[in-house]
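Single-structure report; data block below.
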There are 2 protein chains.
Amino acid sequence: MPAHAAASKQSVRARAEHGNSLRKAFYEIRELIVHGRLSPGSWIVEADLARHLAMSRTPVRSALHWLQREGYVIEHKNARKSRMVVAPVTKEDAGELYSIIGHVEGLAGRHTAVLPKSRRLEIVGLLKGFNSQLRTIITARDSRAAGIFDLDRNFHRTIIESGAGPRLLALHKSIEPQAERYWRLYASSIINDLHLSVAEHDEIIAAIVAGDPDRVERGLQMNWENGCHRLARVIEIFGERGSW
Amino acid sequence: MPAHAAASKQSVRARAEHGNSLRKAFYEIRELIVHGRLSPGSWIVEADLARHLAMSRTPVRSALHWLQREGYVIEHKNARKSRMVVAPVTKEDAGELYSIIGHVEGLAGRHTAVLPKSRRLEIVGLLKGFNSQLRTIITARDSRAAGIFDLDRNFHRTIIESGAGPRLLALHKSIEPQAERYWRLYASSIINDLHLSVAEHDEIIAAIVAGDPDRVERGLQMNWENGCHRLARVIEIFGERGSW
DNA sequence: ACTATACCCATTGTCTACAATCCTGGATAC
DNA sequence: GTATCCAGGATTGTAGACAATGGGTATAGT
């Protein structure tokens, strides 16, 4: 079948790209927002994004709706026309966001706390690993923000994935990445307080070892709440917009 | 401009419908799911829904993505083709859902609890109204499920809208309607236990009057947790699928 | 110079067409 | 009789076209 063979050659590329545009658009646009390449408050034009991502407006549009539902993008509605803008960055928003994440993680943590002891110790092993890596970075005064953020995220994600059911996990996955925006926008300054967060992580680990749901929940909530305070101080100094 | 005039005649209808399809699709499909007209676990075909709603697949498709993000619809992914099915109804899911709602409302309730006293009393006035209406229905043995559900929803929504910020409110609005599915599927049996829920509402009211955030949070969480237990018993008896 | 009005362009919301993929059913070979 | 494979329909994913709307700008009138 030479016809088939010829067709398959073309479809190698097509097959690889068909059905992935929406996902790709979602993650790429989210990346743009989280990394501040799309400045908070700036106005989004579907066609521009579509060109940038080399795809049609259809998947871009859907992706934007997802992002809107999750709070990365907000809608200026004039009658029935919706202008989308990148969600602005404010102290109030950070406070609410961090508080929600803290409570969501707290709820998941409660379940983690009552897992069988063997499983808990397994988890604690991972957590201690992440935390000691963080300590290493601190003492080395190595300020590669990316690595730090990933370690912190892995710490939390490990707890949540162990304890949360599918709904709670999905909720966490949709909310938590938004904290990354604030991390990245104000990272350089947050890093100085990293040792505080690491200490709070130790408390959380201890609580998991003890198998005390209330204590785990409180620990996680506190970690986020304190993180929010630390962040608020920085925002106070540097202003609310993603500058540049 | 006769051409313009002729065009405007056509556009009277078009103008009324332009830009509302997505919203309409979202709410109508959600309604279908919540009311059980789309049976849990059944397989969704975009084109069928589009025909049913008298619109093209595009807005339907977007609406389905929203619903997927919010958990009304889940995705059976085979490679890169996603088949959407109406989210099944299970005891586990109900438990997780109710727990999440309880904690989200609890968090909002904390803020409500620390509002100025005058505002709190104003809120409490509304709440007492809803609750006394519920009592009336109970004593009258009037089992119009719809009214009961709305009253209960208004009770909770009043608290949340008073205390929650935009993010938390959006979160609540996207999660809470899913409880309605369970209400409706098993309503007839839940109503018998309504007096318990009403009593719990009284405790919540008292906590708001006292201005005690912990107590308000606990009250709301308990209300949902107990509701979940009551629901679980019913599911146990009637089976997990939306029958009919 | 300032305001009001009308037009035009930028942008969004929807629709239709097409490409890719999956699933089912039947035909064929063993 | 059963297993396998091909074909065709059914369904999803993307692209591009088109209609509608809103805001900005140029122009004219005062």
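By order of appearance in the structure tokens: chains A, B, ..., then residues from 1 within every chain, and ligands from 1 in the order shown.
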
Near chain A, meaning an atom within 8 Å, which residues of chain B appear when counting only C-alpha atoms? Write them as number ranges by chain. B: 19-20, 62, 65-66, 69, 71, 80-81, 93, 96-97, 100, 103-104, 107, 165, 167-168

For the contact check between chain D and chain B, emit one row per residue of chain D within 10 Å, containing the shortest atom pair and the distance in Å rounded to one decimal, counting only C-alpha atoms (C1' of nucleotides), chain then rising number order, as a tab-separated table.
```
residue	atom	partner	partner_atom	distance
D:DT11	C1'	B:Val45	CA	7.6
D:DT12	C1'	B:Lys81	CA	6.7
D:DG13	C1'	B:Lys81	CA	8.4
D:DA19	C1'	B:Ala14	CA	8.9
D:DA20	C1'	B:Arg15	CA	7.1
D:DT21	C1'	B:Arg15	CA	9.1
```

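Separating atom CA of His35 of chain A from atom CA of Gln221 of chain A is a distance of 25.3 Å.
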
From the list B:Asp48, B:Ser56, B:Asn223, B:Lys24, which residue is nearest chain C when using only C-alpha atoms (C1' of nucleotides)?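 Comparing B:Asp48, B:Ser56, B:Asn223, B:Lys24 against chain C, the winner is B:Ser56.
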
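Our summary of the geometry notes that atom CA of Ala210 of chain A is positioned 21.2 Å from atom CA of Asn154 of chain A.
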
Specify as a PyMOL selection string all residues of chain C found within 10 Å of chain B, counting only C-alpha atoms (C1' of nucleotides). chain C and resi 12-16+21-22

Extract, using only C-alpha atoms (C1' of nucleotides), all DNA, RNA and protein residues at most 12 Å from DT4 of chain D, discarding same-chain residues fewer than 4 positions from it, and format them as a ChimeraX atom specification. /C:26-30

So that I can see what lies close to Gly211 of chain B, please list as a VMD selection string the residues with an atom at most 8 Å from it, counting only C-alpha atoms (C1' of nucleotides) and leaving out residues fewer than 5 positions away in the same chain. chain B and resid 113 to 115 117

Restricting it to N, CA, C and O atoms, dump the selection as a JSON list (two decimals), in the first residue's frame.
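The resulting part28.json:
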```
[["chain", "number", "residue", "atom", "x", "y", "z"],
["B", 113, "ALA", "N", -17.69, 35.41, 61.07],
["B", 113, "ALA", "CA", -17.77, 35.48, 62.53],
["B", 113, "ALA", "C", -17.10, 36.73, 63.10],
["B", 113, "ALA", "O", -17.41, 37.15, 64.22],
["B", 114, "VAL", "N", -16.18, 37.31, 62.36],
["B", 114, "VAL", "CA", -15.46, 38.46, 62.91],
["B", 114, "VAL", "C", -15.88, 39.77, 62.25],
["B", 114, "VAL", "O", -15.17, 40.78, 62.34],
["B", 115, "LEU", "N", -17.01, 39.75, 61.58],
["B", 115, "LEU", "CA", -17.54, 41.00, 61.04],
["B", 115, "LEU", "C", -18.02, 41.88, 62.19],
["B", 115, "LEU", "O", -18.22, 41.39, 63.31],
["B", 117, "LYS", "N", -20.38, 43.71, 64.72],
["B", 117, "LYS", "CA", -21.56, 43.10, 65.33],
["B", 117, "LYS", "C", -22.86, 43.46, 64.61],
["B", 117, "LYS", "O", -23.73, 42.61, 64.41]]
```

Could you pull out the residues in segment 22-109 of chain A that DSSP calls helix (DSSP H, G or I) from the backbone, as a PyMOL selection string? chain A and resi 22-34+46-53+57-70+91-109
